[in-house]
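Heads up: the structure comes next, in structure tokens.
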Amino acid sequence: MSEYFSLADCDVIGFDLDHTLCRYHLKETSRLIYESLARYLVEHKGYDKDLLNLTPATWDFCFKGLVVDLEDGNLVKLAEDGTIMRVTHGTINLSTEEIIKHYGPKREWKHFNSLNTSFTRSAKYYLYDNYFDLPGALLCGRAVDMMHKVNSDFWKDMVAAIEHNYNTSAFKEDTGTYFPSVKRDPGRYLQPCSDSVKTWLHSMKNAGKVLLLITSSHSDYCRLICEHILGKDFEELFDVIITNALKPGFFSLVPQQRPFRTLINDVEESEGLPSLDKPGWYSQGNWLHLHELLKTMIGKPEPKVVYFGDSMRSDMFPASSFGKWETVMILEEMEGEGVPKTSGEKGKEQGMKSPSAASNQWGSYFVDIHKSEGGDEEIQKLTWCSHCIHKYCTMAIPSVEHIADLPLDYKFPRFSPDKPCTTGYYPRPPDSLLKRCESLS
């Protein structure tokens, strides 16, 4: 495998939608998501009204890559080897002594192996790995703070709140808080794609690339987003659009378990398709049938596919492990660590941390300090999130905007086990990784 990656070498360019092609105004959207979920807990499940009151400082808790342990209400930040770097009970930090008392001197988290090898959902824990989830981590922490004793019902309530706001019919029926708000004022939450991104998409299309859009959002919400960020003629850009893709199952399940379905007025046909025989807009589906269609469209037995996405669990891990696709991770956290921003983040609240910025409570997304018992020794370790990026991604960028002006044959250095862990980030590695490399050399 070459140590460089180039879009010119790919036959198919695929994109996730939310937080990949579509950048949100993160502060506005996060507040809306938090309010949508909290309001449901207060109004339908009898939770304390105080859940709805947030100060700007509270948002420091929002941090991608945390895992909530549903048995004890702890939220944990993991190192690459599965040891625990930081823990809160609810939103309250545990000291090094408390961590060792709870998890033993080696600070091992017992579910790490299951999470690390398969990323599958579990009744024991939940991984917060994208910005739609993230306000849920804060809500979860605050809900635990208000309980005298953690019981498993709190998680059922959280799931019910998500279902109420995001189920596939909520957009059409105007239920919940989230969709009605975005429909009323899309510009408050969605950032239109820049002209350079639109030109970039057209240039790939003109160069004979097949363009894919694969999103777990339902078709009606996908249309609203795409019209707002790309324009009314967005469908002409993509050869294949797949909505309600239910990733990661899209990549991991066999066709019989999840056939493609056609849509009529945003309603899925009840009968699944035996195969995909032409480009178009489809719902649900599976990687194998898509792969067969791409082989026909490209005229090659093994078309080379790259997929851009923002979620390790739904995009990067399954696309690289099952699909054997090249993967480009959209990682806004890089912008919090020395990489220049390209987009105008807006948010009315002064003092509110953007969910992609580094957190005082949780530290860096990429590297953290591991304190020994007694606190006399500090070792810098990569976080588990960093480790996964280096393992399952071809490269990482803060946004598609950062590469849209480059020629298609630009050669990006790719992540590689025999290269320093700073290789693979474009336009430059995050500060914390650079510092770690300097301290090791």
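Just remember, in the structure tokens the first chain shown is A, the second B, etc., residues are 1-based per chain, and ligands are 1-based in the order shown.
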
message: Using only C-alpha atoms, which protein or nucleic acid residues come within 12 Å of A:Glu35? Drop anything in the same chain fewer than 6 positions from it, and give the result as a ChimeraX atom specification.
response: /A:28-29,41-43,49-54,135-136,138-139,161-162,165,176-178,181

Could you save those same residues with N, CA and C atoms as a compact mmCIF listing (two decimals), in the first residue's frame?
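Below is the file that was written, part05.txt:
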# COMPACT_ATOMS: atom_id res chain seq x y z
N GLU A 28 -25.69 26.21 18.66
CA GLU A 28 -27.15 26.29 18.52
C GLU A 28 -27.78 24.89 18.49
N THR A 29 -27.17 24.01 17.70
CA THR A 29 -27.75 22.67 17.53
C THR A 29 -27.67 21.88 18.83
N LEU A 41 -37.93 14.32 29.19
CA LEU A 41 -37.75 13.69 30.51
C LEU A 41 -38.57 14.41 31.58
N VAL A 42 -38.61 15.74 31.48
CA VAL A 42 -39.33 16.53 32.49
C VAL A 42 -40.84 16.38 32.29
N GLU A 43 -41.29 16.49 31.03
CA GLU A 43 -42.74 16.51 30.77
C GLU A 43 -43.38 15.13 30.78
N LYS A 49 -37.42 19.71 37.01
CA LYS A 49 -37.40 20.80 36.02
C LYS A 49 -36.01 21.43 35.89
N ASP A 50 -35.21 21.28 36.92
CA ASP A 50 -33.87 21.88 36.92
C ASP A 50 -32.99 21.33 35.79
N LEU A 51 -33.39 20.17 35.25
CA LEU A 51 -32.65 19.61 34.10
C LEU A 51 -32.63 20.59 32.92
N LEU A 52 -33.68 21.43 32.85
CA LEU A 52 -33.80 22.36 31.70
C LEU A 52 -32.92 23.60 31.86
N ASN A 53 -32.40 23.83 33.07
CA ASN A 53 -31.60 25.03 33.30
C ASN A 53 -30.12 24.74 33.09
N LEU A 54 -29.53 25.40 32.11
CA LEU A 54 -28.11 25.22 31.84
C LEU A 54 -27.41 26.57 31.87
N PRO A 135 -24.95 16.03 23.34
CA PRO A 135 -25.71 16.69 24.41
C PRO A 135 -26.36 15.65 25.34
N GLY A 136 -26.58 14.44 24.81
CA GLY A 136 -27.10 13.35 25.65
C GLY A 136 -26.15 12.96 26.76
N LEU A 138 -24.19 15.03 28.39
CA LEU A 138 -24.39 16.05 29.44
C LEU A 138 -25.70 15.78 30.18
N LEU A 139 -26.75 15.49 29.45
CA LEU A 139 -28.06 15.21 30.06
C LEU A 139 -27.98 13.99 30.96
N ALA A 161 -36.59 9.25 25.12
CA ALA A 161 -36.49 10.66 24.73
C ALA A 161 -35.92 10.79 23.31
N ILE A 162 -34.92 9.96 23.01
CA ILE A 162 -34.31 9.98 21.67
C ILE A 162 -35.34 9.52 20.63
N ASN A 165 -37.98 12.15 19.82
CA ASN A 165 -37.54 13.30 19.02
C ASN A 165 -37.06 12.94 17.63
N GLY A 176 -42.08 16.08 18.76
CA GLY A 176 -40.82 16.37 19.44
C GLY A 176 -40.48 17.85 19.32
N THR A 177 -39.27 18.20 19.72
CA THR A 177 -38.83 19.60 19.70
C THR A 177 -37.85 19.83 18.56
N TYR A 178 -37.06 18.81 18.22
CA TYR A 178 -35.92 19.00 17.32
C TYR A 178 -36.35 19.36 15.89
N SER A 181 -38.19 22.69 15.14
CA SER A 181 -37.31 23.87 15.27
C SER A 181 -36.44 24.05 14.04

field: Nearby residues (only C-alpha atoms) at most 9 Å from A:Phe308, same-chain spacing under 4 positions excluded, as a ChimeraX atom specification
entry: /A:13-16,20-21,315-316,326-330,400

Mind writing the picked residues with N, CA and C atoms as a PDB file, in the first residue's frame?
ATOM      1  N   ILE A  13     -16.617   8.240  -4.577  1.00  0.00           N
ATOM      2  CA  ILE A  13     -16.430   9.124  -3.419  1.00  0.00           C
ATOM      3  C   ILE A  13     -17.746   9.164  -2.662  1.00  0.00           C
ATOM      4  N   GLY A  14     -17.737   8.674  -1.436  1.00  0.00           N
ATOM      5  CA  GLY A  14     -18.971   8.603  -0.643  1.00  0.00           C
ATOM      6  C   GLY A  14     -18.919   9.547   0.545  1.00  0.00           C
ATOM      7  N   PHE A  15     -20.094  10.053   0.934  1.00  0.00           N
ATOM      8  CA  PHE A  15     -20.178  10.993   2.050  1.00  0.00           C
ATOM      9  C   PHE A  15     -21.296  10.605   2.996  1.00  0.00           C
ATOM     10  N   ASP A  16     -21.032  10.747   4.277  1.00  0.00           N
ATOM     11  CA  ASP A  16     -22.084  10.831   5.270  1.00  0.00           C
ATOM     12  C   ASP A  16     -22.614  12.268   5.163  1.00  0.00           C
ATOM     13  N   THR A  20     -20.658  16.015   8.274  1.00  0.00           N
ATOM     14  CA  THR A  20     -19.622  15.656   7.293  1.00  0.00           C
ATOM     15  C   THR A  20     -19.746  16.622   6.127  1.00  0.00           C
ATOM     16  N   LEU A  21     -20.726  16.370   5.219  1.00  0.00           N
ATOM     17  CA  LEU A  21     -20.991  17.374   4.178  1.00  0.00           C
ATOM     18  C   LEU A  21     -21.696  18.575   4.793  1.00  0.00           C
ATOM     19  N   ASP A 315     -19.411   5.041  10.869  1.00  0.00           N
ATOM     20  CA  ASP A 315     -18.806   5.301   9.559  1.00  0.00           C
ATOM     21  C   ASP A 315     -17.436   4.626   9.392  1.00  0.00           C
ATOM     22  N   MET A 316     -16.478   5.051  10.200  1.00  0.00           N
ATOM     23  CA  MET A 316     -15.080   4.668   9.964  1.00  0.00           C
ATOM     24  C   MET A 316     -14.823   3.181  10.191  1.00  0.00           C
ATOM     25  N   GLU A 326     -11.490   3.020   1.749  1.00  0.00           N
ATOM     26  CA  GLU A 326     -10.660   4.067   2.337  1.00  0.00           C
ATOM     27  C   GLU A 326     -11.598   4.948   3.172  1.00  0.00           C
ATOM     28  N   THR A 327     -11.118   5.486   4.274  1.00  0.00           N
ATOM     29  CA  THR A 327     -11.996   6.283   5.136  1.00  0.00           C
ATOM     30  C   THR A 327     -11.319   7.589   5.528  1.00  0.00           C
ATOM     31  N   VAL A 328     -12.082   8.675   5.411  1.00  0.00           N
ATOM     32  CA  VAL A 328     -11.584   9.984   5.841  1.00  0.00           C
ATOM     33  C   VAL A 328     -12.479  10.474   6.978  1.00  0.00           C
ATOM     34  N   MET A 329     -11.864  10.656   8.138  1.00  0.00           N
ATOM     35  CA  MET A 329     -12.616  11.075   9.327  1.00  0.00           C
ATOM     36  C   MET A 329     -12.690  12.594   9.373  1.00  0.00           C
ATOM     37  N   ILE A 330     -13.909  13.096   9.532  1.00  0.00           N
ATOM     38  CA  ILE A 330     -14.102  14.532   9.750  1.00  0.00           C
ATOM     39  C   ILE A 330     -14.020  14.758  11.255  1.00  0.00           C
ATOM     40  N   VAL A 400     -14.482  19.109   5.212  1.00  0.00           N
ATOM     41  CA  VAL A 400     -14.193  18.958   3.774  1.00  0.00           C
ATOM     42  C   VAL A 400     -13.695  20.284   3.196  1.00  0.00           C
TER      43      VAL A 400
END

- prompt: If you run DSSP on the backbone, which residues of stretch 97-226 of chain A are strand (DSSP E), as number ranges by chain?
  reply: A: 125-128, 190-191, 210-214

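Comparing the minimum interatomic distances between A:Ser314 and each of A:Met334, A:Ala123, A:Ile369, A:Ala245, counting only C-alpha atoms, we find that A:Ala245 sits nearest.
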
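By chain and then residue number, the residues within 12 Å of A:Lys149 are Glu71, Asp72, Gly73, His89, Gly90, Ala143, Val144, Asp145, Met146, Ser152, Asp153 and Phe154 of chain A, counting only C-alpha atoms and disregarding those fewer than 3 positions away in sequence.
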
query: If you count only C-alpha atoms, which residues fall within 8 Å of stretch 221-226 of chain A, apart from same-chain ones fewer than 3 positions away, as a list in words?
result: Leu17, Cys22, Phe171, Lys183, Pro186, Leu190, Thr215, Ser217, His218, Ile229, Leu230, Gly231, Lys232, Phe234 and Thr243 of chain A

Now that the selection is made, can you save its residues with C-alpha atoms as a PDB file, in the first residue's frame?
ATOM      1  CA  LEU A  17     -24.369  13.876   5.599  1.00  0.00           C
ATOM      2  CA  CYS A  22     -23.335  19.379   6.365  1.00  0.00           C
ATOM      3  CA  PHE A 171     -40.186  15.061  10.873  1.00  0.00           C
ATOM      4  CA  LYS A 183     -37.831  23.214   9.866  1.00  0.00           C
ATOM      5  CA  PRO A 186     -32.844  25.954   9.092  1.00  0.00           C
ATOM      6  CA  LEU A 190     -27.209  24.497   9.311  1.00  0.00           C
ATOM      7  CA  THR A 215     -26.965   8.849   5.733  1.00  0.00           C
ATOM      8  CA  SER A 217     -31.243  10.418   8.449  1.00  0.00           C
ATOM      9  CA  HIS A 218     -34.663   9.838   6.923  1.00  0.00           C
ATOM     10  CA  ILE A 229     -26.610  23.513   2.157  1.00  0.00           C
ATOM     11  CA  LEU A 230     -26.247  22.583  -1.549  1.00  0.00           C
ATOM     12  CA  GLY A 231     -29.275  24.053  -3.320  1.00  0.00           C
ATOM     13  CA  LYS A 232     -32.491  22.699  -4.848  1.00  0.00           C
ATOM     14  CA  PHE A 234     -28.535  18.720  -5.064  1.00  0.00           C
ATOM     15  CA  THR A 243     -31.250   7.477   3.428  1.00  0.00           C
TER      16      THR A 243
END

Stretch 266-277 of chain A surroundings by only C-alpha atoms, 8 Å radius, close-in-sequence under 4 positions cut, as a compact mmCIF listing (two decimals) with all heavy atoms, in the first residue's frame:
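What follows is the written file part-v3.txt:
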# COMPACT_ATOMS: atom_id res chain seq x y z
N SER A 219 -35.35 10.33 4.65
CA SER A 219 -35.31 11.06 3.37
C SER A 219 -35.83 12.49 3.48
O SER A 219 -35.27 13.40 2.85
CB SER A 219 -36.10 10.30 2.30
OG SER A 219 -37.41 10.05 2.76
N ASP A 220 -36.88 12.72 4.29
CA ASP A 220 -37.45 14.09 4.33
C ASP A 220 -36.48 15.06 5.01
O ASP A 220 -36.30 16.20 4.57
CB ASP A 220 -38.84 14.11 5.01
CG ASP A 220 -38.92 13.25 6.27
OD1 ASP A 220 -37.85 12.87 6.81
OD2 ASP A 220 -40.04 12.95 6.72
N PRO A 259 -32.64 -5.43 3.13
CA PRO A 259 -32.64 -5.11 1.70
C PRO A 259 -32.84 -3.61 1.47
O PRO A 259 -33.29 -2.89 2.37
CB PRO A 259 -33.85 -5.89 1.17
CG PRO A 259 -34.76 -6.05 2.34
CD PRO A 259 -33.89 -6.11 3.55
N PHE A 260 -32.50 -3.17 0.27
CA PHE A 260 -32.83 -1.79 -0.13
C PHE A 260 -34.33 -1.70 -0.37
O PHE A 260 -34.98 -2.68 -0.73
CB PHE A 260 -32.09 -1.43 -1.43
CG PHE A 260 -30.67 -1.00 -1.20
CD1 PHE A 260 -29.62 -1.90 -1.37
CD2 PHE A 260 -30.38 0.29 -0.81
CE1 PHE A 260 -28.31 -1.50 -1.16
CE2 PHE A 260 -29.07 0.70 -0.59
CZ PHE A 260 -28.03 -0.20 -0.77
N ARG A 261 -34.87 -0.50 -0.18
CA ARG A 261 -36.29 -0.25 -0.45
C ARG A 261 -36.41 1.02 -1.28
O ARG A 261 -35.61 1.94 -1.11
CB ARG A 261 -37.09 -0.08 0.85
CG ARG A 261 -37.11 -1.34 1.69
CD ARG A 261 -37.70 -1.12 3.07
NE ARG A 261 -37.42 -2.26 3.93
CZ ARG A 261 -38.11 -3.39 3.93
NH1 ARG A 261 -39.15 -3.53 3.12
NH2 ARG A 261 -37.79 -4.39 4.72
N THR A 262 -37.39 1.04 -2.17
CA THR A 262 -37.64 2.28 -2.90
C THR A 262 -38.55 3.17 -2.05
O THR A 262 -39.22 2.70 -1.13
CB THR A 262 -38.30 2.01 -4.26
OG1 THR A 262 -39.35 1.07 -4.05
CG2 THR A 262 -37.32 1.44 -5.25
N SER A 283 -33.71 3.61 0.24
CA SER A 283 -33.77 3.63 1.70
C SER A 283 -33.23 2.32 2.27
O SER A 283 -33.34 1.27 1.63
CB SER A 283 -35.22 3.85 2.13
OG SER A 283 -35.28 4.28 3.46
N HIS A 289 -25.03 -5.26 -1.68
CA HIS A 289 -25.81 -4.93 -2.88
C HIS A 289 -25.30 -3.64 -3.52
O HIS A 289 -25.28 -3.52 -4.75
CB HIS A 289 -27.30 -4.80 -2.54
CG HIS A 289 -28.00 -6.12 -2.45
ND1 HIS A 289 -29.30 -6.25 -2.01
CD2 HIS A 289 -27.59 -7.39 -2.77
CE1 HIS A 289 -29.66 -7.54 -2.05
NE2 HIS A 289 -28.63 -8.24 -2.49
N LEU A 290 -24.90 -2.69 -2.68
CA LEU A 290 -24.34 -1.45 -3.22
C LEU A 290 -23.04 -1.75 -3.97
O LEU A 290 -22.80 -1.23 -5.07
CB LEU A 290 -24.07 -0.45 -2.08
CG LEU A 290 -23.34 0.83 -2.48
CD1 LEU A 290 -24.17 1.65 -3.47
CD2 LEU A 290 -22.99 1.68 -1.26
N GLU A 292 -22.17 -4.43 -5.53
CA GLU A 292 -22.48 -5.05 -6.83
C GLU A 292 -22.86 -3.98 -7.85
O GLU A 292 -22.44 -4.01 -9.01
CB GLU A 292 -23.62 -6.09 -6.69
CG GLU A 292 -23.23 -7.36 -5.94
CD GLU A 292 -22.04 -8.09 -6.58
OE1 GLU A 292 -22.02 -8.21 -7.82
OE2 GLU A 292 -21.13 -8.52 -5.84
N LEU A 293 -23.68 -3.02 -7.42
CA LEU A 293 -24.09 -1.93 -8.32
C LEU A 293 -22.86 -1.11 -8.75
O LEU A 293 -22.71 -0.77 -9.93
CB LEU A 293 -25.12 -1.02 -7.63
CG LEU A 293 -25.50 0.26 -8.41
CD1 LEU A 293 -26.22 -0.08 -9.70
CD2 LEU A 293 -26.34 1.20 -7.55

task: Identify which of the residues A:Pro192, A:Leu94, A:Leu78, A:Ala38 lies closest to A:Met158, counting only C-alpha atoms when measuring atom-to-atom distances.
output: A:Ala38

task: Counting only C-alpha atoms, figure out which residue out of A:Asp18, A:Glu377, A:Asp310, A:Asp157 gets nearest to A:Gln191.
output: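 Smallest distance to A:Gln191 is found for A:Asp18.
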
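The shortest atom-to-atom distance to A:His44, with only C-alpha atoms taken into account, belongs to A:Ala160 out of A:Val197, A:Val339, A:Ala160, A:Ile84.
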
message: Env of A:Lys324: 9 Å cut, atoms = only C-alpha atoms, seq-sep filter 5 positions within chain, self excluded. Answer as a PyMOL selection string.
response: chain A and resi 305+318-319

- request: State, in Å with one decimal place, the distance from atom CA of A:His228 to atom CA of A:Glu173.
  value: 20.5 Å

message: To one decimal place in Å, what is the distance between atom CA of A:Phe415 and atom CA of A:Phe251?
response: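 Atom CA of A:Phe251 lies at a distance of 22.2 Å from atom CA of A:Phe415.
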
message: Residues of stretch 71-283 of chain A classed as helix (DSSP H, G or I) by DSSP on the backbone are to be reported as an NGL selection string.
response: :A and (96-103 or 112-118 or 134-145 or 153-166 or 170-173 or 178-184 or 186-189 or 195-206 or 219-230 or 234-237 or 249-252)
